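Q: protein-v4.pdb (PDB, C-alpha atoms and all ligand atoms) pasted underneath:
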```pdb
ATOM      1  CA  MET A 159     -12.521  10.413  -3.252  1.00  0.00           C
ATOM      2  CA  ARG A 160     -13.376  10.876  -6.908  1.00  0.00           C
ATOM      3  CA  GLY A 161     -12.743   8.776  -9.998  1.00  0.00           C
ATOM      4  CA  LEU A 162      -9.861   9.714 -12.309  1.00  0.00           C
ATOM      5  CA  SER A 163     -10.224  10.552 -16.011  1.00  0.00           C
ATOM      6  CA  ALA A 164      -8.140   8.772 -18.653  1.00  0.00           C
ATOM      7  CA  THR A 165      -5.894  11.843 -18.937  1.00  0.00           C
ATOM      8  CA  GLU A 166      -5.353  11.998 -15.156  1.00  0.00           C
ATOM      9  CA  LEU A 167      -4.565   8.279 -14.973  1.00  0.00           C
ATOM     10  CA  LEU A 168      -1.997   8.591 -17.752  1.00  0.00           C
ATOM     11  CA  ASP A 169      -0.437  11.612 -16.016  1.00  0.00           C
ATOM     12  CA  VAL A 170      -0.109   9.696 -12.725  1.00  0.00           C
ATOM     13  CA  TRP A 171       1.333   6.709 -14.566  1.00  0.00           C
ATOM     14  CA  ALA A 172       3.945   8.868 -16.298  1.00  0.00           C
ATOM     15  CA  GLN A 173       4.883  10.702 -13.074  1.00  0.00           C
ATOM     16  CA  GLY A 174       5.147   7.467 -11.101  1.00  0.00           C
ATOM     17  CA  HIS A 175       7.372   5.737 -13.623  1.00  0.00           C
ATOM     18  CA  ALA A 176      10.613   6.547 -11.776  1.00  0.00           C
ATOM     19  CA  GLN A 177       9.136   6.405  -8.266  1.00  0.00           C
ATOM     20  CA  PRO A 178       9.349   3.620  -5.676  1.00  0.00           C
ATOM     21  CA  PRO A 179       6.033   1.885  -4.880  1.00  0.00           C
ATOM     22  CA  PRO A 180       5.181   4.086  -1.849  1.00  0.00           C
ATOM     23  CA  GLY A 181       5.598   7.181  -4.041  1.00  0.00           C
ATOM     24  CA  ARG A 182       3.312   5.713  -6.689  1.00  0.00           C
ATOM     25  CA  ALA A 183       0.632   5.029  -4.087  1.00  0.00           C
ATOM     26  CA  LEU A 184       0.795   8.651  -2.924  1.00  0.00           C
ATOM     27  CA  LEU A 185       0.581   9.980  -6.504  1.00  0.00           C
ATOM     28  CA  LEU A 186      -2.591   7.952  -7.134  1.00  0.00           C
ATOM     29  CA  LEU A 187      -4.219   9.117  -3.913  1.00  0.00           C
ATOM     30  CA  ALA A 188      -3.135  12.752  -4.305  1.00  0.00           C
ATOM     31  CA  ALA A 189      -4.937  12.814  -7.668  1.00  0.00           C
ATOM     32  CA  ALA A 190      -8.069  11.038  -6.399  1.00  0.00           C
ATOM     33  CA  CYS A 191      -8.377  12.481  -2.869  1.00  0.00           C
ATOM     34  CA  PRO A 192      -8.251  16.308  -3.074  1.00  0.00           C
ATOM     35  CA  GLU A 193      -9.877  16.355   0.384  1.00  0.00           C
ATOM     36  CA  PHE A 194      -6.454  15.424   1.831  1.00  0.00           C
ATOM     37  CA  GLU A 195      -3.329  17.578   1.782  1.00  0.00           C
ATOM     38  CA  PRO A 196      -0.391  15.589   0.335  1.00  0.00           C
ATOM     39  CA  ALA A 197       1.350  15.657   3.738  1.00  0.00           C
ATOM     40  CA  ALA A 198      -1.774  14.256   5.387  1.00  0.00           C
ATOM     41  CA  LEU A 199      -1.943  11.427   2.843  1.00  0.00           C
ATOM     42  CA  ALA A 200       1.661  10.518   3.677  1.00  0.00           C
ATOM     43  CA  ARG A 201       0.731  10.346   7.393  1.00  0.00           C
ATOM     44  CA  LEU A 202      -2.111   7.851   6.890  1.00  0.00           C
ATOM     45  CA  THR A 203      -1.259   4.390   8.173  1.00  0.00           C
ATOM     46  CA  VAL A 204      -0.355   1.852   5.505  1.00  0.00           C
ATOM     47  CA  GLY A 205      -3.677   0.109   6.134  1.00  0.00           C
ATOM     48  CA  GLN A 206      -5.655   3.346   5.707  1.00  0.00           C
ATOM     49  CA  ARG A 207      -3.704   4.057   2.519  1.00  0.00           C
ATOM     50  CA  ASP A 208      -4.411   0.577   1.176  1.00  0.00           C
ATOM     51  CA  GLY A 209      -8.122   0.903   1.985  1.00  0.00           C
ATOM     52  CA  LEU A 210      -8.270   4.073  -0.136  1.00  0.00           C
ATOM     53  CA  LEU A 211      -6.270   2.434  -2.947  1.00  0.00           C
ATOM     54  CA  LEU A 212      -8.655  -0.508  -2.947  1.00  0.00           C
ATOM     55  CA  ALA A 213     -11.620   1.868  -3.300  1.00  0.00           C
ATOM     56  CA  LEU A 214      -9.864   3.749  -6.114  1.00  0.00           C
ATOM     57  CA  TYR A 215      -9.070   0.459  -7.841  1.00  0.00           C
ATOM     58  CA  GLU A 216     -12.769  -0.456  -7.772  1.00  0.00           C
ATOM     59  CA  GLN A 217     -13.746   2.934  -9.202  1.00  0.00           C
ATOM     60  CA  THR A 218     -11.118   2.669 -11.934  1.00  0.00           C
ATOM     61  CA  PHE A 219     -11.092  -0.976 -12.998  1.00  0.00           C
ATOM     62  CA  GLY A 220     -14.223  -2.431 -11.399  1.00  0.00           C
ATOM     63  CA  PRO A 221     -14.882  -4.704  -8.401  1.00  0.00           C
ATOM     64  CA  ARG A 222     -13.087  -7.805  -9.653  1.00  0.00           C
ATOM     65  CA  VAL A 223      -9.440  -8.526  -8.833  1.00  0.00           C
ATOM     66  CA  THR A 224      -7.766 -11.171 -11.001  1.00  0.00           C
ATOM     67  CA  GLY A 225      -4.148 -12.248 -11.114  1.00  0.00           C
ATOM     68  CA  VAL A 226      -1.728 -15.126 -11.210  1.00  0.00           C
ATOM     69  CA  ALA A 227       0.289 -16.672  -8.364  1.00  0.00           C
ATOM     70  CA  VAL A 228       3.020 -19.297  -8.661  1.00  0.00           C
ATOM     71  CA  CYS A 229       2.720 -22.509  -6.636  1.00  0.00           C
ATOM     72  CA  PRO A 230       5.715 -22.750  -4.250  1.00  0.00           C
ATOM     73  CA  ARG A 231       5.773 -26.542  -4.618  1.00  0.00           C
ATOM     74  CA  CYS A 232       5.316 -27.348  -8.313  1.00  0.00           C
ATOM     75  CA  ALA A 233       5.725 -23.856  -9.835  1.00  0.00           C
ATOM     76  CA  ALA A 234       2.392 -24.134 -11.639  1.00  0.00           C
ATOM     77  CA  GLU A 235       0.622 -20.849 -12.331  1.00  0.00           C
ATOM     78  CA  VAL A 236      -2.480 -20.506 -10.209  1.00  0.00           C
ATOM     79  CA  GLU A 237      -5.190 -18.091 -11.290  1.00  0.00           C
ATOM     80  CA  LEU A 238      -6.730 -16.071  -8.524  1.00  0.00           C
ATOM     81  CA  ALA A 239      -9.888 -14.029  -8.680  1.00  0.00           C
ATOM     82  CA  PHE A 240     -11.883 -12.317  -5.957  1.00  0.00           C
ATOM     83  CA  ASP A 241     -13.881  -9.178  -5.309  1.00  0.00           C
ATOM     84  CA  ALA A 242     -12.162  -6.160  -3.811  1.00  0.00           C
ATOM     85  CA  ALA A 243     -14.935  -6.202  -1.195  1.00  0.00           C
ATOM     86  CA  ASP A 244     -13.726  -9.640  -0.023  1.00  0.00           C
ATOM     87  CA  ILE A 245     -10.451  -8.206   1.286  1.00  0.00           C
ATOM     88  CA  ARG A 246     -11.846  -4.938   2.614  1.00  0.00           C
ATOM     89  CA  VAL A 247     -11.369  -4.808   6.374  1.00  0.00           C
ATOM     90  CA  GLY A 248     -13.773  -1.927   6.960  1.00  0.00           C
ATOM     91  CA  GLY A 249     -13.634   0.522   9.828  1.00  0.00           C
ATOM     92  CA  PRO A 250     -14.093   4.288   9.910  1.00  0.00           C
ATOM     93  CA  PRO A 251     -12.859   6.371   6.954  1.00  0.00           C
ATOM     94  CA  PRO A 252      -9.371   7.785   7.546  1.00  0.00           C
ATOM     95  CA  GLU A 253      -9.025  11.312   8.879  1.00  0.00           C
ATOM     96  CA  ASP A 254      -6.104  13.662   9.166  1.00  0.00           C
ATOM     97  CA  GLY A 255      -4.792  13.883  12.717  1.00  0.00           C
ATOM     98  CA  PRO A 256      -2.140  12.590  15.073  1.00  0.00           C
ATOM     99  CA  PRO A 257      -1.424   8.904  14.419  1.00  0.00           C
ATOM    100  CA  PRO A 258      -3.170   6.492  16.771  1.00  0.00           C
ATOM    101  CA  THR A 259      -0.794   4.823  19.210  1.00  0.00           C
ATOM    102  CA  GLN A 260      -0.911   1.653  21.249  1.00  0.00           C
ATOM    103  CA  THR A 261       0.811   0.727  24.518  1.00  0.00           C
ATOM    104  CA  LEU A 262       2.205  -2.668  25.443  1.00  0.00           C
ATOM    105  CA  ILE A 263       4.194  -3.994  28.405  1.00  0.00           C
ATOM    106  CA  VAL A 264       7.055  -6.245  27.240  1.00  0.00           C
ATOM    107  CA  GLU A 265       9.655  -7.723  29.602  1.00  0.00           C
ATOM    108  CA  GLY A 266       9.327  -4.922  32.114  1.00  0.00           C
ATOM    109  CA  TYR A 267       9.228  -2.100  29.572  1.00  0.00           C
ATOM    110  CA  GLU A 268       6.257   0.041  28.640  1.00  0.00           C
ATOM    111  CA  ILE A 269       6.414   0.644  24.907  1.00  0.00           C
ATOM    112  CA  VAL A 270       4.268   3.075  22.948  1.00  0.00           C
ATOM    113  CA  PHE A 271       4.171   2.731  19.173  1.00  0.00           C
ATOM    114  CA  ARG A 272       2.220   3.772  16.103  1.00  0.00           C
ATOM    115  CA  ALA A 273       1.480   1.974  12.834  1.00  0.00           C
ATOM    116  CA  PRO A 274       3.843   2.629   9.873  1.00  0.00           C
ATOM    117  CA  ASP A 275       2.853   5.285   7.338  1.00  0.00           C
ATOM    118  CA  SER A 276       3.995   6.225   3.820  1.00  0.00           C
ATOM    119  CA  ASN A 277       6.796   8.443   5.171  1.00  0.00           C
ATOM    120  CA  ASP A 278       8.268   5.365   6.878  1.00  0.00           C
ATOM    121  CA  LEU A 279       7.986   3.283   3.697  1.00  0.00           C
ATOM    122  CA  LEU A 280       9.584   6.056   1.622  1.00  0.00           C
ATOM    123  CA  ALA A 281      12.489   6.305   4.085  1.00  0.00           C
ATOM    124  CA  LEU A 282      13.044   2.569   3.782  1.00  0.00           C
ATOM    125  CA  ALA A 283      12.719   2.646  -0.010  1.00  0.00           C
ATOM    126  CA  ALA A 284      15.390   5.364  -0.127  1.00  0.00           C
ATOM    127  CA  ASP A 285      17.815   3.278   1.927  1.00  0.00           C
ATOM    128  CA  GLU A 286      17.744  -0.332   0.796  1.00  0.00           C
ATOM    129  CA  ALA A 287      20.223  -1.375   3.486  1.00  0.00           C
ATOM    130  CA  ALA A 288      17.743  -0.281   6.143  1.00  0.00           C
ATOM    131  CA  ALA A 289      16.106  -3.335   7.576  1.00  0.00           C
ATOM    132  CA  ARG A 290      12.890  -4.087   9.387  1.00  0.00           C
ATOM    133  CA  GLU A 291      14.501  -2.866  12.638  1.00  0.00           C
ATOM    134  CA  THR A 292      14.684   0.615  11.137  1.00  0.00           C
ATOM    135  CA  LEU A 293      10.947   0.577  10.544  1.00  0.00           C
ATOM    136  CA  LEU A 294      10.375  -0.533  14.126  1.00  0.00           C
ATOM    137  CA  ALA A 295      12.684   2.167  15.460  1.00  0.00           C
ATOM    138  CA  ARG A 296      10.786   4.835  13.500  1.00  0.00           C
ATOM    139  CA  CYS A 297       7.432   3.652  14.836  1.00  0.00           C
ATOM    140  CA  LEU A 298       8.411   3.357  18.507  1.00  0.00           C
ATOM    141  CA  VAL A 299       7.176   6.502  20.239  1.00  0.00           C
ATOM    142  CA  SER A 300       8.673   5.690  23.647  1.00  0.00           C
ATOM    143  CA  VAL A 301      10.260   2.870  25.632  1.00  0.00           C
ATOM    144  CA  ALA A 302      10.421   3.200  29.424  1.00  0.00           C
ATOM    145  CA  ALA A 303      11.253   0.766  32.200  1.00  0.00           C
ATOM    146  CA  VAL A 304       8.204   0.011  34.320  1.00  0.00           C
ATOM    147  CA  ASP A 305       8.772   0.742  38.036  1.00  0.00           C
ATOM    148  CA  PRO A 306      12.320   2.100  37.803  1.00  0.00           C
ATOM    149  CA  PRO A 307      14.200   1.643  41.113  1.00  0.00           C
ATOM    150  CA  ASN A 308      13.805   4.506  43.574  1.00  0.00           C
ATOM    151  CA  LEU A 309      17.106   6.239  43.854  1.00  0.00           C
ATOM    152  CA  ALA A 310      18.047   8.741  46.508  1.00  0.00           C
ATOM    153  CA  PRO A 311      17.976  12.237  44.996  1.00  0.00           C
ATOM    154  CA  GLU A 312      21.695  12.785  45.618  1.00  0.00           C
ATOM    155  CA  VAL A 313      22.638   9.654  43.666  1.00  0.00           C
ATOM    156  CA  GLU A 314      23.625  10.519  40.135  1.00  0.00           C
ATOM    157  CA  LEU A 315      21.212   8.856  37.751  1.00  0.00           C
ATOM    158  CA  PRO A 316      22.893   6.496  35.301  1.00  0.00           C
ATOM    159  CA  GLY A 317      22.072   6.874  31.647  1.00  0.00           C
ATOM    160  CA  PRO A 318      19.467   4.489  30.285  1.00  0.00           C
ATOM    161  CA  ALA A 319      20.857   0.966  29.987  1.00  0.00           C
ATOM    162  CA  PRO A 320      20.813  -0.342  26.428  1.00  0.00           C
ATOM    163  CA  LEU A 321      18.138  -2.954  25.808  1.00  0.00           C
ATOM    164  CA  SER A 322      19.408  -6.518  25.543  1.00  0.00           C
ATOM    165  CA  ALA A 323      19.114  -8.233  22.170  1.00  0.00           C
ATOM    166  CA  GLY A 324      16.537 -10.596  23.662  1.00  0.00           C
ATOM    167  CA  THR A 325      14.375  -7.722  24.875  1.00  0.00           C
ATOM    168  CA  GLN A 326      14.658  -5.971  21.519  1.00  0.00           C
ATOM    169  CA  ALA A 327      13.538  -9.142  19.722  1.00  0.00           C
ATOM    170  CA  ALA A 328      10.635  -9.568  22.157  1.00  0.00           C
ATOM    171  CA  ILE A 329       9.542  -5.953  21.554  1.00  0.00           C
ATOM    172  CA  ALA A 330       9.764  -6.415  17.775  1.00  0.00           C
ATOM    173  CA  ALA A 331       7.658  -9.578  17.921  1.00  0.00           C
ATOM    174  CA  ALA A 332       5.060  -8.000  20.223  1.00  0.00           C
ATOM    175  CA  VAL A 333       4.706  -4.895  18.027  1.00  0.00           C
ATOM    176  CA  ASP A 334       4.469  -7.050  14.893  1.00  0.00           C
ATOM    177  CA  ALA A 335       1.655  -9.089  16.398  1.00  0.00           C
ATOM    178  CA  ALA A 336      -0.169  -6.000  17.678  1.00  0.00           C
ATOM    179  CA  LEU A 337       0.074  -4.213  14.310  1.00  0.00           C
ATOM    180  CA  ALA A 338      -1.839  -6.990  12.575  1.00  0.00           C
ATOM    181  CA  GLU A 339      -4.814  -6.061  14.764  1.00  0.00           C
ATOM    182  CA  MET A 340      -4.129  -2.326  14.930  1.00  0.00           C
ATOM    183  CA  ASP A 341      -3.858  -1.791  11.153  1.00  0.00           C
ATOM    184  CA  PRO A 342      -5.276  -4.974   9.572  1.00  0.00           C
ATOM    185  CA  GLN A 343      -5.768  -3.604   6.043  1.00  0.00           C
ATOM    186  CA  ALA A 344      -1.973  -3.268   5.769  1.00  0.00           C
ATOM    187  CA  GLU A 345      -1.503  -7.045   5.663  1.00  0.00           C
ATOM    188  CA  VAL A 346      -4.058  -8.845   3.517  1.00  0.00           C
ATOM    189  CA  GLU A 347      -3.313 -12.559   3.313  1.00  0.00           C
ATOM    190  CA  LEU A 348      -4.811 -14.680   0.564  1.00  0.00           C
ATOM    191  CA  ASN A 349      -5.431 -18.381   1.083  1.00  0.00           C
ATOM    192  CA  LEU A 350      -4.287 -20.090  -2.104  1.00  0.00           C
ATOM    193  CA  ALA A 351      -4.518 -23.685  -3.306  1.00  0.00           C
ATOM    194  CA  CYS A 352      -2.798 -25.269  -6.293  1.00  0.00           C
ATOM    195  CA  PRO A 353      -5.172 -27.326  -8.485  1.00  0.00           C
ATOM    196  CA  ALA A 354      -2.210 -29.259  -9.924  1.00  0.00           C
ATOM    197  CA  CYS A 355      -0.616 -30.555  -6.695  1.00  0.00           C
ATOM    198  CA  ASP A 356      -3.084 -29.584  -3.926  1.00  0.00           C
ATOM    199  CA  GLN A 357      -0.463 -27.459  -2.168  1.00  0.00           C
ATOM    200  CA  GLN A 358      -2.063 -24.833   0.090  1.00  0.00           C
ATOM    201  CA  TRP A 359      -0.305 -21.638   1.110  1.00  0.00           C
ATOM    202  CA  GLN A 360      -0.829 -18.035   2.115  1.00  0.00           C
ATOM    203  CA  ALA A 361       0.411 -15.036   0.175  1.00  0.00           C
ATOM    204  CA  LEU A 362       0.316 -11.336   0.991  1.00  0.00           C
ATOM    205  CA  PHE A 363      -1.736  -9.237  -1.427  1.00  0.00           C
ATOM    206  CA  ASP A 364       0.210  -6.109  -2.409  1.00  0.00           C
ATOM    207  CA  ILE A 365      -2.419  -3.613  -3.580  1.00  0.00           C
ATOM    208  CA  VAL A 366       0.199  -1.047  -4.685  1.00  0.00           C
ATOM    209  CA  ALA A 367       2.073  -3.476  -6.963  1.00  0.00           C
ATOM    210  CA  PHE A 368      -1.170  -4.950  -8.257  1.00  0.00           C
ATOM    211  CA  PHE A 369      -2.727  -1.532  -8.961  1.00  0.00           C
ATOM    212  CA  TRP A 370       0.414  -0.345 -10.739  1.00  0.00           C
ATOM    213  CA  ASP A 371       0.613  -3.457 -12.932  1.00  0.00           C
ATOM    214  CA  GLU A 372      -3.017  -3.004 -13.959  1.00  0.00           C
ATOM    215  CA  LEU A 373      -2.454   0.705 -14.580  1.00  0.00           C
ATOM    216  CA  THR A 374       0.603  -0.031 -16.739  1.00  0.00           C
ATOM    217  CA  ALA A 375      -1.278  -2.582 -18.845  1.00  0.00           C
ATOM    218  CA  TRP A 376      -4.167  -0.125 -19.209  1.00  0.00           C
ATOM    219  CA  ALA A 377      -1.806   2.730 -20.157  1.00  0.00           C
ATOM    220  CA  HIS A 378      -0.160   0.627 -22.870  1.00  0.00           C
ATOM    221  CA  ARG A 379      -3.591  -0.251 -24.319  1.00  0.00           C
ATOM    222  CA  MET A 380      -4.658   3.385 -24.150  1.00  0.00           C
ATOM    223  CA  LEU A 381      -1.539   4.701 -25.895  1.00  0.00           C
ATOM    224  CA  ARG A 382      -2.013   2.162 -28.685  1.00  0.00           C
ATOM    225  CA  GLN A 383      -5.616   3.320 -29.098  1.00  0.00           C
ATOM    226  CA  VAL A 384      -4.465   6.932 -29.278  1.00  0.00           C
ATOM    227  CA  HIS A 385      -1.923   5.977 -31.914  1.00  0.00           C
ATOM    228  CA  VAL A 386      -4.499   4.157 -34.057  1.00  0.00           C
ATOM    229  CA  LEU A 387      -7.140   6.890 -33.831  1.00  0.00           C
ATOM    230  CA  ALA A 388      -4.692   9.766 -34.230  1.00  0.00           C
ATOM    231  CA  SER A 389      -3.238   8.077 -37.328  1.00  0.00           C
ATOM    232  CA  ALA A 390      -6.677   7.427 -38.816  1.00  0.00           C
ATOM    233  CA  TYR A 391      -8.474  10.685 -38.018  1.00  0.00           C
ATOM    234  CA  GLY A 392      -5.749  13.188 -37.179  1.00  0.00           C
ATOM    235  CA  TRP A 393      -7.268  13.840 -33.736  1.00  0.00           C
ATOM    236  CA  ARG A 394      -5.080  15.107 -30.902  1.00  0.00           C
ATOM    237  CA  GLU A 395      -4.222  12.933 -27.894  1.00  0.00           C
ATOM    238  CA  ALA A 396      -6.288  15.054 -25.481  1.00  0.00           C
ATOM    239  CA  GLU A 397      -9.344  14.805 -27.760  1.00  0.00           C
ATOM    240  CA  ILE A 398      -9.061  11.029 -28.016  1.00  0.00           C
ATOM    241  CA  LEU A 399      -8.585  10.576 -24.259  1.00  0.00           C
ATOM    242  CA  ALA A 400     -11.593  12.772 -23.557  1.00  0.00           C
ATOM    243  CA  LEU A 401     -13.890  10.426 -25.507  1.00  0.00           C
ATOM    244  CA  PRO A 402     -15.989   8.028 -23.427  1.00  0.00           C
ATOM    245  CA  ALA A 403     -14.510   4.526 -23.578  1.00  0.00           C
ATOM    246  CA  TRP A 404     -17.446   3.111 -25.536  1.00  0.00           C
ATOM    247  CA  ARG A 405     -17.108   5.778 -28.255  1.00  0.00           C
ATOM    248  CA  ARG A 406     -13.362   5.204 -28.517  1.00  0.00           C
ATOM    249  CA  GLN A 407     -14.115   1.520 -28.948  1.00  0.00           C
ATOM    250  CA  TYR A 408     -16.673   2.260 -31.653  1.00  0.00           C
ATOM    251  CA  TYR A 409     -14.202   4.280 -33.706  1.00  0.00           C
ATOM    252  CA  LEU A 410     -11.485   1.671 -33.177  1.00  0.00           C
ATOM    253  CA  GLU A 411     -13.754  -1.020 -34.594  1.00  0.00           C
ATOM    254  CA  MET A 412     -14.529   1.094 -37.647  1.00  0.00           C
ATOM    255  CA  VAL A 413     -10.850   1.835 -38.237  1.00  0.00           C
ATOM    256  CA  GLY A 414     -10.040  -1.824 -37.856  1.00  0.00           C
ATOM    257  CA  GLY A 415     -12.590  -2.623 -40.563  1.00  0.00           C
TER     258      GLY A 415
HETATM  259 ZN    ZN A 501       1.385 -26.929  -7.173  1.00  0.00          ZN
END
```
Output the file's structure as structure tokens, nothing else.
Ligand SMILES: [Zn+2]
A:
Amino acid sequence: MRGLSATELLDVWAQGHAQPPPGRALLLLAAACPEFEPAALARLTVGQRDGLLLALYEQTFGPRVTGVAVCPRCAAEVELAFDAADIRVGGPPPEDGPPPTQTLIVEGYEIVFRAPDSNDLLALAADEAAARETLLARCLVSVAAVDPPNLAPEVELPGPAPLSAGTQAAIAAAVDAALAEMDPQAEVELNLACPACDQQWQALFDIVAFFWDELTAWAHRMLRQVHVLASAYGWREAEILALPAWRRQYYLEMVGG
């Protein structure tokens, strides 16, 4: 992974404008991780993707993460601040390859599944009616009855019986629970407390939404700076963006008086 220049960040921001969040995440990583083919980036698990995004966030905006949450009880705004390192799960760096799978036995069925990746999230983003079951169906590699009854060879085998709703729910719950351990970086929970009413709650930290909000705020600041300096000095956008941040700041202060 490498850091992105101001020009590259603005390009990604402009390209991602009309994209759903999973597409934005892939644009950021495609620019910063030339060691991965785009198709390989899309095959990383959501947790692997989020680990890379967290590292890119640190390189781009620094180690500190600050934001605002709303108390579910009294609706007060609660400031939150932590280091990116605090929510890093760790583990080996992601590699391109077949997705890791896990096997569970649930209600007499052996199920093999993999963790969701960006292709799964993009498919869901494209079809808003698709529910969580669709994601589960995409990630199930196989479902087979354990110890099927021995049938005489001449008996015609019946087609597979459909799973009962209860069994399907049990499989969904078991996979959900296993995924939290299999791909922990995909679900980062923050423990929050409201200073106004002492309410305590947990909230999921969405690195893609957070990164994109920060990037948008940064892009707006940057475009204003370009406008001010281009108006004052007649420099071109590319020249202004290529300046180190501290020199841009210096000229801005002089223009501002
Ligand atoms: Zn509160």
Q: Calculated over only C-alpha atoms, which of the candidates A:Ala200, A:Val386, A:Val236, A:Leu167 has the smallest distance to Ile398 in chain A?
A: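 Ranking A:Ala200, A:Val386, A:Val236, A:Leu167 by distance to Ile398 in chain A, first place goes to A:Val386.
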Q: Please expand the PyMOL selection byres (((chain A and resi 304) around 10) and not hetatm) into the concrete residues it hits in this file, giving the result as a list in words.
A: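 Checked against the file, the PyMOL selection byres (((chain A and resi 304) around 10) and not hetatm) matches Ile263, Val264, Glu265, Gly266, Tyr267, Glu268, Ile269, Val301, Ala302, Ala303, Asp305, Pro306 and Pro307 of chain A.
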Q: Please produce a file of the residues just selected, as an mmCIF file, in the frame of the given file, where the atoms kept are C-alpha atoms.
A:
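Final output, saved to again-v4.cif:
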```
data_model
loop_
_atom_site.group_PDB
_atom_site.id
_atom_site.type_symbol
_atom_site.label_atom_id
_atom_site.label_comp_id
_atom_site.auth_asym_id
_atom_site.auth_seq_id
_atom_site.Cartn_x
_atom_site.Cartn_y
_atom_site.Cartn_z
ATOM 1 C CA ILE A 263 4.194 -3.994 28.405
ATOM 2 C CA VAL A 264 7.055 -6.245 27.240
ATOM 3 C CA GLU A 265 9.655 -7.723 29.602
ATOM 4 C CA GLY A 266 9.327 -4.922 32.114
ATOM 5 C CA TYR A 267 9.228 -2.100 29.572
ATOM 6 C CA GLU A 268 6.257 0.041 28.640
ATOM 7 C CA ILE A 269 6.414 0.644 24.907
ATOM 8 C CA VAL A 301 10.260 2.870 25.632
ATOM 9 C CA ALA A 302 10.421 3.200 29.424
ATOM 10 C CA ALA A 303 11.253 0.766 32.200
ATOM 11 C CA ASP A 305 8.772 0.742 38.036
ATOM 12 C CA PRO A 306 12.320 2.100 37.803
ATOM 13 C CA PRO A 307 14.200 1.643 41.113
#
```
Q: Report the distance between CA of Phe194 in chain A and CA of Met159 in chain A in Å, rounded to one decimal place.
A: 9.4 Å
Q: Skip Glu347 in chain A itself and residues of its chain fewer than 5 positions away, then list as a ChimeraX atom specification all residues within 8 Å of it, counting all atoms listed in the file.
A: /A:360-363
Q: Within 12 Å of Leu399 in chain A, counting only C-alpha atoms, which residues show up once you throw out same-chain ones fewer than 2 positions away? Write them as a VMD selection string, please.
A: chain A and resid 163 to 169 377 379 to 385 387 to 388 393 to 397 401 to 407
Q: With C-alpha atoms retained, export the selected residues as a PDB file, keeping the file's coordinate frame.
A:
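Resulting contents of again.pdb:
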```pdb
ATOM      1  CA  SER A 163     -10.224  10.552 -16.011  1.00  0.00           C
ATOM      2  CA  ALA A 164      -8.140   8.772 -18.653  1.00  0.00           C
ATOM      3  CA  THR A 165      -5.894  11.843 -18.937  1.00  0.00           C
ATOM      4  CA  GLU A 166      -5.353  11.998 -15.156  1.00  0.00           C
ATOM      5  CA  LEU A 167      -4.565   8.279 -14.973  1.00  0.00           C
ATOM      6  CA  LEU A 168      -1.997   8.591 -17.752  1.00  0.00           C
ATOM      7  CA  ASP A 169      -0.437  11.612 -16.016  1.00  0.00           C
ATOM      8  CA  ALA A 377      -1.806   2.730 -20.157  1.00  0.00           C
ATOM      9  CA  ARG A 379      -3.591  -0.251 -24.319  1.00  0.00           C
ATOM     10  CA  MET A 380      -4.658   3.385 -24.150  1.00  0.00           C
ATOM     11  CA  LEU A 381      -1.539   4.701 -25.895  1.00  0.00           C
ATOM     12  CA  ARG A 382      -2.013   2.162 -28.685  1.00  0.00           C
ATOM     13  CA  GLN A 383      -5.616   3.320 -29.098  1.00  0.00           C
ATOM     14  CA  VAL A 384      -4.465   6.932 -29.278  1.00  0.00           C
ATOM     15  CA  HIS A 385      -1.923   5.977 -31.914  1.00  0.00           C
ATOM     16  CA  LEU A 387      -7.140   6.890 -33.831  1.00  0.00           C
ATOM     17  CA  ALA A 388      -4.692   9.766 -34.230  1.00  0.00           C
ATOM     18  CA  TRP A 393      -7.268  13.840 -33.736  1.00  0.00           C
ATOM     19  CA  ARG A 394      -5.080  15.107 -30.902  1.00  0.00           C
ATOM     20  CA  GLU A 395      -4.222  12.933 -27.894  1.00  0.00           C
ATOM     21  CA  ALA A 396      -6.288  15.054 -25.481  1.00  0.00           C
ATOM     22  CA  GLU A 397      -9.344  14.805 -27.760  1.00  0.00           C
ATOM     23  CA  LEU A 401     -13.890  10.426 -25.507  1.00  0.00           C
ATOM     24  CA  PRO A 402     -15.989   8.028 -23.427  1.00  0.00           C
ATOM     25  CA  ALA A 403     -14.510   4.526 -23.578  1.00  0.00           C
ATOM     26  CA  TRP A 404     -17.446   3.111 -25.536  1.00  0.00           C
ATOM     27  CA  ARG A 405     -17.108   5.778 -28.255  1.00  0.00           C
ATOM     28  CA  ARG A 406     -13.362   5.204 -28.517  1.00  0.00           C
ATOM     29  CA  GLN A 407     -14.115   1.520 -28.948  1.00  0.00           C
TER      30      GLN A 407
END
```
Q: Spell out the residues picked by the PyMOL selection byres (((not hetatm)) within 6 of (chain A and resi 501)) here, as a VMD selection string.
A: chain A and resid 229 231 to 234 352 354 to 355 357
Q: Considering all atoms listed in the file, return as an MDAnalysis selection string whatever protein or nucleic-acid residues lie within 8 Å of Leu212 in chain A, sequence-local ones (same chain, fewer than 5 positions apart) excluded.
A: chainID A and resid 242 246 365
Q: Edge lengths and centre in Å to one decimal, as lines of an AutoDock Vina configuration file, is what I'm after for the box along x, y and z that holds all listed atoms of range 349-361 of chain A once 6 Å is added on each side.
A:
```
center_x = -2.5
center_y = -22.8
center_z = -3.9
size_x = 17.8
size_y = 27.5
size_z = 24.0
```
Q: Please identify all polymer residues within 9 Å of Arg182 in chain A, counting all atoms listed in the file, omitting same-chain residues fewer than 4 positions from it, and present them as a tab-separated table (two decimals) with C-alpha atoms, keeping the file's coordinate frame.
A:
```
chain	number	residue	atom	x	y	z
A	170	VAL	CA	-0.11	9.70	-12.72
A	171	TRP	CA	1.33	6.71	-14.57
A	173	GLN	CA	4.88	10.70	-13.07
A	174	GLY	CA	5.15	7.47	-11.10
A	175	HIS	CA	7.37	5.74	-13.62
A	176	ALA	CA	10.61	6.55	-11.78
A	177	GLN	CA	9.14	6.40	-8.27
A	178	PRO	CA	9.35	3.62	-5.68
A	186	LEU	CA	-2.59	7.95	-7.13
A	187	LEU	CA	-4.22	9.12	-3.91
A	366	VAL	CA	0.20	-1.05	-4.68
A	370	TRP	CA	0.41	-0.34	-10.74
```
